[in-house]
Amino acid sequence: MHIQELLKEINTIYLGKPEVVELCFTALLADGHILLEDVPGTGKTMLAKTISDSFHGKFSRIQFTADLLPSDIIGTDFFNLKTQEFENKQGPIFSNIVLIDEINRAVPRTQSALLEAMEERQVTIGRETYLLPSPFFVIATQNPIESSGTFPLPDAQLDRFMMCLNMGYPESHYEVQLLEEIMTSTRRSTNLSISFNELIEQKKSISNIIISKDILQYIVDLAGATRSHRYVETGVSPRATIALAKAARSYAYLKNRDFVIPEDIKHLAPFVLAHRLTLSIEGEIKTTKQEILLEILGQVHVPVEVGM
């Protein structure tokens, strides 16, 4: 089954947010991770659960709290009194899809336990290193408004997320439809699913998507503009340019194209780059990260003829 069919099915369940769903699958196909930001009740957890239900794989949900320990996530070594030997107990991170609910409620020490897992697809427990299942996809949620009892994600952690998406409120007619389904108990789950073997096969096709040198130069020019912007203290790193190039290939695949066009980059850049920026004090007062990205997209030269 082509992943496009799955996208259509999910959009009949998760109402009114086809772009958000499409971007989540773009990241999934590009081996990236997603951070969903918005106020409570906008469907962040529901979206993550709906996506996980669409795959035949192991799913784990971790509720982050202030008293959560790194060992609660990655696992630990313990001494078995019966065998008189140390044994390893793997944590919930050993799954194909991991939903991390309210990631900013855990202390920085616990948040940092995800760094190795998200970047290198492995974790170190004691003296041993263990590979995580493949594919491995993290969907994290956080409420950016509430500050009580939360710990802002450090830049190193934010940089591990390929995209940061804002859900937004549903349009009126979709919210009415949602209420009708809830009141009449007709809310349903997805009837379609795809195996991870099928997903891996489709991901192989993405490596054949053409991304020209002109497009790569455009990506680098955008990154360079973030590093020299007057309101930006720290611009995006090469990790961000790699993420944008990978996401563009996946996005082109979902659009049934075998090549990347400049419009793909312009569409994806705010979601891939904005959350990685560190603004100056003046920038925090006068503008937002999204506004800076839109300004840069309007200033950087766009390649007209994309050489293949």
# chains A, B, ... in the order shown; residues from 1 in each chain; ligands from 1
$ select_by_dssp --residues "region 88-284 of chain A" --states "alpha helix (DSSP H)" --output "ChimeraX atom specification"
/A:108-111,113-120,155-158,172-183,196-206,213-228,238-254,262-273,281-284
$ select_by_dssp --residues "region 7-108 of chain A" --states "strand (DSSP E or B)" --output "VMD selection string"
chain A and resid 34 to 37 55 to 56 59 to 63 75 to 80 85 to 90 97 to 101
$ write_last_selection --atoms "C-alpha atoms" --output "mmCIF file, in the first residue's frame"
data_model
loop_
_atom_site.group_PDB
_atom_site.id
_atom_site.type_symbol
_atom_site.label_atom_id
_atom_site.label_comp_id
_atom_site.auth_asym_id
_atom_site.auth_seq_id
_atom_site.Cartn_x
_atom_site.Cartn_y
_atom_site.Cartn_z
ATOM 1 C CA ILE A 34 8.438 15.739 15.294
ATOM 2 C CA LEU A 35 7.741 18.242 18.077
ATOM 3 C CA LEU A 36 4.063 19.214 18.313
ATOM 4 C CA GLU A 37 3.430 22.504 20.095
ATOM 5 C CA PHE A 55 1.737 0.968 11.527
ATOM 6 C CA HIS A 56 2.444 -2.627 12.462
ATOM 7 C CA PHE A 59 4.502 1.667 20.133
ATOM 8 C CA SER A 60 5.354 3.240 23.487
ATOM 9 C CA ARG A 61 3.933 6.260 25.239
ATOM 10 C CA ILE A 62 5.981 8.026 27.907
ATOM 11 C CA GLN A 63 4.349 10.650 30.093
ATOM 12 C CA GLY A 75 16.363 1.177 30.889
ATOM 13 C CA THR A 76 18.928 0.041 33.412
ATOM 14 C CA ASP A 77 21.225 -2.772 34.507
ATOM 15 C CA PHE A 78 20.146 -4.676 37.607
ATOM 16 C CA PHE A 79 21.575 -7.528 39.641
ATOM 17 C CA ASN A 80 19.534 -10.728 39.429
ATOM 18 C CA GLU A 85 24.474 -11.878 37.337
ATOM 19 C CA PHE A 86 23.798 -8.383 36.052
ATOM 20 C CA GLU A 87 20.980 -8.200 33.513
ATOM 21 C CA ASN A 88 19.674 -5.443 31.291
ATOM 22 C CA LYS A 89 16.096 -4.220 31.428
ATOM 23 C CA GLN A 90 15.266 -2.152 28.365
ATOM 24 C CA ILE A 97 7.206 4.862 17.466
ATOM 25 C CA VAL A 98 7.639 6.665 20.777
ATOM 26 C CA LEU A 99 5.110 9.257 21.909
ATOM 27 C CA ILE A 100 6.567 11.591 24.523
ATOM 28 C CA ASP A 101 3.751 13.523 26.132
#
$ residues_around --residues "Ile215 (chain A)" --least-positions-apart "4" --cutoff "8 Å" --atoms "only C-alpha atoms" --output "list of chain:residue names"
A:Ile211, A:Ile219, A:Val260, A:Ile261, A:Pro262, A:Pro303, A:Val306
$ closest_residue --among "A:Thr129, A:Gln299, A:Thr287, A:Ser134" --to "Asp31 (chain A)" --atoms "only C-alpha atoms"
A:Ser134
$ residues_around --residues "Gln142 (chain A)" --least-positions-apart "4" --cutoff "12 Å" --atoms "only C-alpha atoms" --output "mmCIF file with N, CA and C atoms, in the first residue's frame"
data_model
loop_
_atom_site.group_PDB
_atom_site.id
_atom_site.type_symbol
_atom_site.label_atom_id
_atom_site.label_comp_id
_atom_site.auth_asym_id
_atom_site.auth_seq_id
_atom_site.Cartn_x
_atom_site.Cartn_y
_atom_site.Cartn_z
ATOM 1 N N ILE A 34 9.399 14.636 15.315
ATOM 2 C CA ILE A 34 8.438 15.739 15.294
ATOM 3 C C ILE A 34 8.189 16.263 16.707
ATOM 4 N N LEU A 35 8.163 17.589 16.838
ATOM 5 C CA LEU A 35 7.741 18.242 18.077
ATOM 6 C C LEU A 35 6.440 18.976 17.788
ATOM 7 N N LEU A 36 5.370 18.584 18.483
ATOM 8 C CA LEU A 36 4.063 19.214 18.313
ATOM 9 C C LEU A 36 3.837 20.198 19.455
ATOM 10 N N GLU A 37 3.626 21.453 19.096
ATOM 11 C CA GLU A 37 3.430 22.504 20.095
ATOM 12 C C GLU A 37 2.040 23.098 19.969
ATOM 13 N N ASP A 38 1.383 23.285 21.080
ATOM 14 C CA ASP A 38 0.148 24.070 21.121
ATOM 15 C C ASP A 38 -0.482 23.928 22.494
ATOM 16 N N VAL A 39 -1.533 24.685 22.692
ATOM 17 C CA VAL A 39 -2.222 24.676 23.978
ATOM 18 C C VAL A 39 -2.919 23.334 24.179
ATOM 19 N N PRO A 40 -3.272 22.988 25.414
ATOM 20 C CA PRO A 40 -3.944 21.704 25.666
ATOM 21 C C PRO A 40 -5.272 21.590 24.925
ATOM 22 N N GLY A 41 -5.578 20.363 24.505
ATOM 23 C CA GLY A 41 -6.880 20.091 23.917
ATOM 24 C C GLY A 41 -6.982 20.290 22.424
ATOM 25 N N THR A 42 -5.859 20.533 21.740
ATOM 26 C CA THR A 42 -5.915 20.761 20.292
ATOM 27 C C THR A 42 -5.613 19.499 19.486
ATOM 28 N N GLY A 43 -5.450 18.373 20.155
ATOM 29 C CA GLY A 43 -5.332 17.107 19.433
ATOM 30 C C GLY A 43 -3.923 16.627 19.183
ATOM 31 N N LYS A 44 -2.952 17.138 19.924
ATOM 32 C CA LYS A 44 -1.556 16.728 19.704
ATOM 33 C C LYS A 44 -1.374 15.235 19.977
ATOM 34 N N THR A 45 -1.841 14.800 21.138
ATOM 35 C CA THR A 45 -1.678 13.395 21.512
ATOM 36 C C THR A 45 -2.508 12.491 20.612
ATOM 37 N N GLN A 63 4.850 9.398 29.531
ATOM 38 C CA GLN A 63 4.349 10.650 30.093
ATOM 39 C C GLN A 63 5.469 11.293 30.899
ATOM 40 N N PHE A 64 5.987 12.405 30.399
ATOM 41 C CA PHE A 64 7.094 13.058 31.092
ATOM 42 C C PHE A 64 6.583 13.841 32.295
ATOM 43 N N THR A 65 7.243 13.640 33.418
ATOM 44 C CA THR A 65 6.935 14.352 34.657
ATOM 45 C C THR A 65 8.246 14.774 35.312
ATOM 46 N N LEU A 99 5.833 8.019 21.626
ATOM 47 C CA LEU A 99 5.110 9.257 21.909
ATOM 48 C C LEU A 99 5.556 9.770 23.272
ATOM 49 N N ILE A 100 6.130 10.965 23.276
ATOM 50 C CA ILE A 100 6.567 11.591 24.523
ATOM 51 C C ILE A 100 5.611 12.738 24.817
ATOM 52 N N ASP A 101 4.776 12.536 25.805
ATOM 53 C CA ASP A 101 3.751 13.523 26.132
ATOM 54 C C ASP A 101 4.304 14.546 27.122
ATOM 55 N N GLU A 102 4.134 15.822 26.787
ATOM 56 C CA GLU A 102 4.572 16.937 27.631
ATOM 57 C C GLU A 102 6.062 16.824 27.964
ATOM 58 N N ILE A 103 6.858 16.850 26.924
ATOM 59 C CA ILE A 103 8.300 16.648 27.062
ATOM 60 C C ILE A 103 8.952 17.696 27.957
ATOM 61 N N ASN A 104 8.389 18.892 28.000
ATOM 62 C CA ASN A 104 9.017 19.958 28.787
ATOM 63 C C ASN A 104 8.653 19.912 30.270
ATOM 64 N N ARG A 105 7.985 18.848 30.714
ATOM 65 C CA ARG A 105 7.720 18.698 32.149
ATOM 66 C C ARG A 105 8.812 17.892 32.856
ATOM 67 N N ALA A 106 9.700 17.283 32.090
ATOM 68 C CA ALA A 106 10.810 16.541 32.690
ATOM 69 C C ALA A 106 11.992 17.477 32.919
ATOM 70 N N GLU A 146 2.198 27.386 28.983
ATOM 71 C CA GLU A 146 2.303 27.185 30.425
ATOM 72 C C GLU A 146 3.764 27.069 30.849
ATOM 73 N N SER A 147 4.148 27.805 31.878
ATOM 74 C CA SER A 147 5.531 27.778 32.353
ATOM 75 C C SER A 147 5.673 27.127 33.721
ATOM 76 N N THR A 150 7.440 23.494 34.305
ATOM 77 C CA THR A 150 8.040 23.052 33.042
ATOM 78 C C THR A 150 9.495 23.493 32.963
ATOM 79 N N PHE A 151 10.230 22.826 32.075
ATOM 80 C CA PHE A 151 11.647 23.117 31.871
ATOM 81 C C PHE A 151 11.878 23.274 30.369
ATOM 82 N N PRO A 152 12.213 24.477 29.912
ATOM 83 C CA PRO A 152 12.392 24.699 28.465
ATOM 84 C C PRO A 152 13.414 23.733 27.879
ATOM 85 N N LEU A 153 13.127 23.247 26.681
ATOM 86 C CA LEU A 153 14.054 22.333 26.026
ATOM 87 C C LEU A 153 15.332 23.077 25.646
ATOM 88 N N LEU A 158 16.255 20.660 21.002
ATOM 89 C CA LEU A 158 15.402 21.168 19.922
ATOM 90 C C LEU A 158 15.988 20.828 18.554
ATOM 91 N N CYS A 164 9.152 21.316 13.925
ATOM 92 C CA CYS A 164 8.318 21.755 15.040
ATOM 93 C C CYS A 164 7.027 22.292 14.436
ATOM 94 N N LEU A 165 5.900 21.695 14.822
ATOM 95 C CA LEU A 165 4.613 22.032 14.218
ATOM 96 C C LEU A 165 3.654 22.590 15.259
ATOM 97 N N ASN A 166 2.920 23.614 14.876
ATOM 98 C CA ASN A 166 1.848 24.157 15.709
ATOM 99 C C ASN A 166 0.516 23.655 15.183
ATOM 100 N N MET A 167 -0.305 23.130 16.075
ATOM 101 C CA MET A 167 -1.559 22.514 15.656
ATOM 102 C C MET A 167 -2.604 23.553 15.253
#
$ closest_residue --among "A:Tyr251, A:Phe271, A:Tyr218, A:Tyr14" --to "Phe161 (chain A)" --atoms "only C-alpha atoms"
A:Phe271
$ closest_residue --among "A:Ala223, A:Ile206, A:Ile3, A:Leu297" --to "Ala240 (chain A)" --atoms "only C-alpha atoms"
A:Ala223
$ atom_distance --atom1 "CA of Ser71 (chain A)" --atom2 "CA of Ser95 (chain A)"
15.3 Å
$ residues_around --residues "Val21 (chain A)" --least-positions-apart "5" --cutoff "8 Å" --atoms "only C-alpha atoms" --output "list in words"
Leu7, Ile10, Asn11 and Leu47 of chain A
$ closest_residue --among "A:Gln111, A:Ser148, A:Ser193, A:Gln177" --to "Arg160 (chain A)" --atoms "only C-alpha atoms"
A:Gln111
$ decode --residues "region 107-228 of chain A" --atoms "C-alpha atoms" --output "PDB file, in the first residue's frame"
ATOM      1  CA  VAL A 107      13.987  17.961  34.204  1.00  0.00           C
ATOM      2  CA  PRO A 108      16.905  18.665  31.821  1.00  0.00           C
ATOM      3  CA  ARG A 109      18.782  15.577  33.033  1.00  0.00           C
ATOM      4  CA  THR A 110      15.921  13.373  31.852  1.00  0.00           C
ATOM      5  CA  GLN A 111      15.431  15.306  28.618  1.00  0.00           C
ATOM      6  CA  SER A 112      19.100  14.755  27.777  1.00  0.00           C
ATOM      7  CA  ALA A 113      18.578  10.989  27.905  1.00  0.00           C
ATOM      8  CA  LEU A 114      16.916  11.338  24.503  1.00  0.00           C
ATOM      9  CA  LEU A 115      19.864  12.988  22.746  1.00  0.00           C
ATOM     10  CA  GLU A 116      21.792   9.848  21.827  1.00  0.00           C
ATOM     11  CA  ALA A 117      18.623   7.931  20.977  1.00  0.00           C
ATOM     12  CA  MET A 118      17.237  10.563  18.619  1.00  0.00           C
ATOM     13  CA  GLU A 119      20.492  11.327  16.821  1.00  0.00           C
ATOM     14  CA  GLU A 120      22.289   7.980  16.699  1.00  0.00           C
ATOM     15  CA  ARG A 121      19.412   5.495  17.073  1.00  0.00           C
ATOM     16  CA  GLN A 122      21.154   3.865  20.015  1.00  0.00           C
ATOM     17  CA  VAL A 123      21.371   4.168  23.790  1.00  0.00           C
ATOM     18  CA  THR A 124      24.152   3.499  26.256  1.00  0.00           C
ATOM     19  CA  ILE A 125      23.265   1.675  29.458  1.00  0.00           C
ATOM     20  CA  GLY A 126      26.183   1.180  31.792  1.00  0.00           C
ATOM     21  CA  ARG A 127      29.112   0.153  29.617  1.00  0.00           C
ATOM     22  CA  GLU A 128      27.049  -1.331  26.805  1.00  0.00           C
ATOM     23  CA  THR A 129      25.523   0.322  23.743  1.00  0.00           C
ATOM     24  CA  TYR A 130      22.249  -1.017  22.353  1.00  0.00           C
ATOM     25  CA  LEU A 131      20.789  -0.304  18.918  1.00  0.00           C
ATOM     26  CA  LEU A 132      17.182   0.865  18.777  1.00  0.00           C
ATOM     27  CA  PRO A 133      14.600  -0.785  16.494  1.00  0.00           C
ATOM     28  CA  SER A 134      14.407   0.402  12.908  1.00  0.00           C
ATOM     29  CA  PRO A 135      12.572   2.506  11.961  1.00  0.00           C
ATOM     30  CA  PHE A 136      12.629   4.720  15.053  1.00  0.00           C
ATOM     31  CA  PHE A 137      10.375   7.773  15.230  1.00  0.00           C
ATOM     32  CA  VAL A 138       9.781  10.166  18.135  1.00  0.00           C
ATOM     33  CA  ILE A 139       6.682  12.347  18.360  1.00  0.00           C
ATOM     34  CA  ALA A 140       6.873  14.736  21.303  1.00  0.00           C
ATOM     35  CA  THR A 141       4.252  17.193  22.521  1.00  0.00           C
ATOM     36  CA  GLN A 142       4.547  20.278  24.655  1.00  0.00           C
ATOM     37  CA  ASN A 143       2.466  23.241  25.758  1.00  0.00           C
ATOM     38  CA  PRO A 144       4.530  26.361  24.948  1.00  0.00           C
ATOM     39  CA  ILE A 145       2.264  28.688  26.941  1.00  0.00           C
ATOM     40  CA  GLU A 146       2.303  27.185  30.425  1.00  0.00           C
ATOM     41  CA  SER A 147       5.531  27.778  32.353  1.00  0.00           C
ATOM     42  CA  SER A 148       4.651  26.468  35.810  1.00  0.00           C
ATOM     43  CA  GLY A 149       6.352  23.132  36.441  1.00  0.00           C
ATOM     44  CA  THR A 150       8.040  23.052  33.042  1.00  0.00           C
ATOM     45  CA  PHE A 151      11.647  23.117  31.871  1.00  0.00           C
ATOM     46  CA  PRO A 152      12.392  24.699  28.465  1.00  0.00           C
ATOM     47  CA  LEU A 153      14.054  22.333  26.026  1.00  0.00           C
ATOM     48  CA  PRO A 154      17.749  23.152  25.524  1.00  0.00           C
ATOM     49  CA  ASP A 155      18.922  24.091  22.039  1.00  0.00           C
ATOM     50  CA  ALA A 156      20.708  20.755  21.632  1.00  0.00           C
ATOM     51  CA  GLN A 157      17.436  18.932  22.239  1.00  0.00           C
ATOM     52  CA  LEU A 158      15.402  21.168  19.922  1.00  0.00           C
ATOM     53  CA  ASP A 159      17.984  20.611  17.196  1.00  0.00           C
ATOM     54  CA  ARG A 160      17.223  16.874  17.257  1.00  0.00           C
ATOM     55  CA  PHE A 161      13.672  17.477  16.051  1.00  0.00           C
ATOM     56  CA  MET A 162      13.424  17.671  12.287  1.00  0.00           C
ATOM     57  CA  MET A 163      10.250  19.748  12.497  1.00  0.00           C
ATOM     58  CA  CYS A 164       8.318  21.755  15.040  1.00  0.00           C
ATOM     59  CA  LEU A 165       4.613  22.032  14.218  1.00  0.00           C
ATOM     60  CA  ASN A 166       1.848  24.157  15.709  1.00  0.00           C
ATOM     61  CA  MET A 167      -1.559  22.514  15.656  1.00  0.00           C
ATOM     62  CA  GLY A 168      -3.884  25.505  15.845  1.00  0.00           C
ATOM     63  CA  TYR A 169      -7.603  25.409  16.542  1.00  0.00           C
ATOM     64  CA  PRO A 170      -9.866  23.522  14.110  1.00  0.00           C
ATOM     65  CA  GLU A 171     -12.145  25.423  11.774  1.00  0.00           C
ATOM     66  CA  SER A 172     -15.739  25.785  12.939  1.00  0.00           C
ATOM     67  CA  HIS A 173     -17.318  23.169  10.659  1.00  0.00           C
ATOM     68  CA  TYR A 174     -14.670  20.587  11.554  1.00  0.00           C
ATOM     69  CA  GLU A 175     -15.222  21.223  15.252  1.00  0.00           C
ATOM     70  CA  VAL A 176     -18.976  20.737  14.762  1.00  0.00           C
ATOM     71  CA  GLN A 177     -18.303  17.451  12.946  1.00  0.00           C
ATOM     72  CA  LEU A 178     -16.019  16.356  15.779  1.00  0.00           C
ATOM     73  CA  LEU A 179     -18.712  17.133  18.357  1.00  0.00           C
ATOM     74  CA  GLU A 180     -21.309  15.194  16.362  1.00  0.00           C
ATOM     75  CA  GLU A 181     -19.054  12.138  16.222  1.00  0.00           C
ATOM     76  CA  ILE A 182     -18.346  12.310  19.952  1.00  0.00           C
ATOM     77  CA  MET A 183     -21.996  12.852  20.922  1.00  0.00           C
ATOM     78  CA  THR A 184     -23.246  10.011  18.715  1.00  0.00           C
ATOM     79  CA  SER A 185     -20.338   7.670  19.550  1.00  0.00           C
ATOM     80  CA  THR A 186     -19.451   7.341  15.869  1.00  0.00           C
ATOM     81  CA  ARG A 187     -15.819   8.347  16.265  1.00  0.00           C
ATOM     82  CA  ARG A 188     -13.729   5.679  14.562  1.00  0.00           C
ATOM     83  CA  SER A 189     -10.119   4.597  14.283  1.00  0.00           C
ATOM     84  CA  THR A 190      -8.137   3.941  11.136  1.00  0.00           C
ATOM     85  CA  ASN A 191      -8.998   0.850   9.107  1.00  0.00           C
ATOM     86  CA  LEU A 192      -5.796   0.922   7.080  1.00  0.00           C
ATOM     87  CA  SER A 193      -2.291   0.179   8.215  1.00  0.00           C
ATOM     88  CA  ILE A 194       1.115  -0.317   6.699  1.00  0.00           C
ATOM     89  CA  SER A 195       3.893  -2.608   7.829  1.00  0.00           C
ATOM     90  CA  PHE A 196       7.308  -1.232   8.603  1.00  0.00           C
ATOM     91  CA  ASN A 197       8.732  -3.446   5.862  1.00  0.00           C
ATOM     92  CA  GLU A 198       6.492  -1.646   3.370  1.00  0.00           C
ATOM     93  CA  LEU A 199       7.564   1.670   4.850  1.00  0.00           C
ATOM     94  CA  ILE A 200      11.244   0.763   4.508  1.00  0.00           C
ATOM     95  CA  GLU A 201      10.709  -0.184   0.864  1.00  0.00           C
ATOM     96  CA  GLN A 202       9.062   3.159   0.141  1.00  0.00           C
ATOM     97  CA  LYS A 203      11.860   4.980   1.934  1.00  0.00           C
ATOM     98  CA  LYS A 204      14.318   3.369  -0.481  1.00  0.00           C
ATOM     99  CA  SER A 205      12.493   5.080  -3.340  1.00  0.00           C
ATOM    100  CA  ILE A 206      13.081   8.444  -1.687  1.00  0.00           C
ATOM    101  CA  SER A 207      16.839   8.068  -2.114  1.00  0.00           C
ATOM    102  CA  ASN A 208      16.219   8.242  -5.872  1.00  0.00           C
ATOM    103  CA  ILE A 209      14.477  11.619  -5.650  1.00  0.00           C
ATOM    104  CA  ILE A 210      16.654  14.162  -7.465  1.00  0.00           C
ATOM    105  CA  ILE A 211      17.767  17.232  -5.541  1.00  0.00           C
ATOM    106  CA  SER A 212      19.887  19.471  -7.741  1.00  0.00           C
ATOM    107  CA  LYS A 213      22.975  21.448  -6.796  1.00  0.00           C
ATOM    108  CA  ASP A 214      20.973  24.657  -7.303  1.00  0.00           C
ATOM    109  CA  ILE A 215      18.483  23.516  -4.671  1.00  0.00           C
ATOM    110  CA  LEU A 216      21.282  22.548  -2.294  1.00  0.00           C
ATOM    111  CA  GLN A 217      22.839  25.986  -2.760  1.00  0.00           C
ATOM    112  CA  TYR A 218      19.448  27.563  -2.035  1.00  0.00           C
ATOM    113  CA  ILE A 219      19.244  25.624   1.242  1.00  0.00           C
ATOM    114  CA  VAL A 220      22.743  26.747   2.231  1.00  0.00           C
ATOM    115  CA  ASP A 221      21.920  30.362   1.329  1.00  0.00           C
ATOM    116  CA  LEU A 222      18.858  30.255   3.587  1.00  0.00           C
ATOM    117  CA  ALA A 223      20.954  28.864   6.426  1.00  0.00           C
ATOM    118  CA  GLY A 224      23.587  31.533   5.882  1.00  0.00           C
ATOM    119  CA  ALA A 225      20.941  34.247   6.050  1.00  0.00           C
ATOM    120  CA  THR A 226      19.837  33.019   9.489  1.00  0.00           C
ATOM    121  CA  ARG A 227      23.421  33.245  10.737  1.00  0.00           C
ATOM    122  CA  SER A 228      23.806  36.883   9.720  1.00  0.00           C
TER     123      SER A 228
END
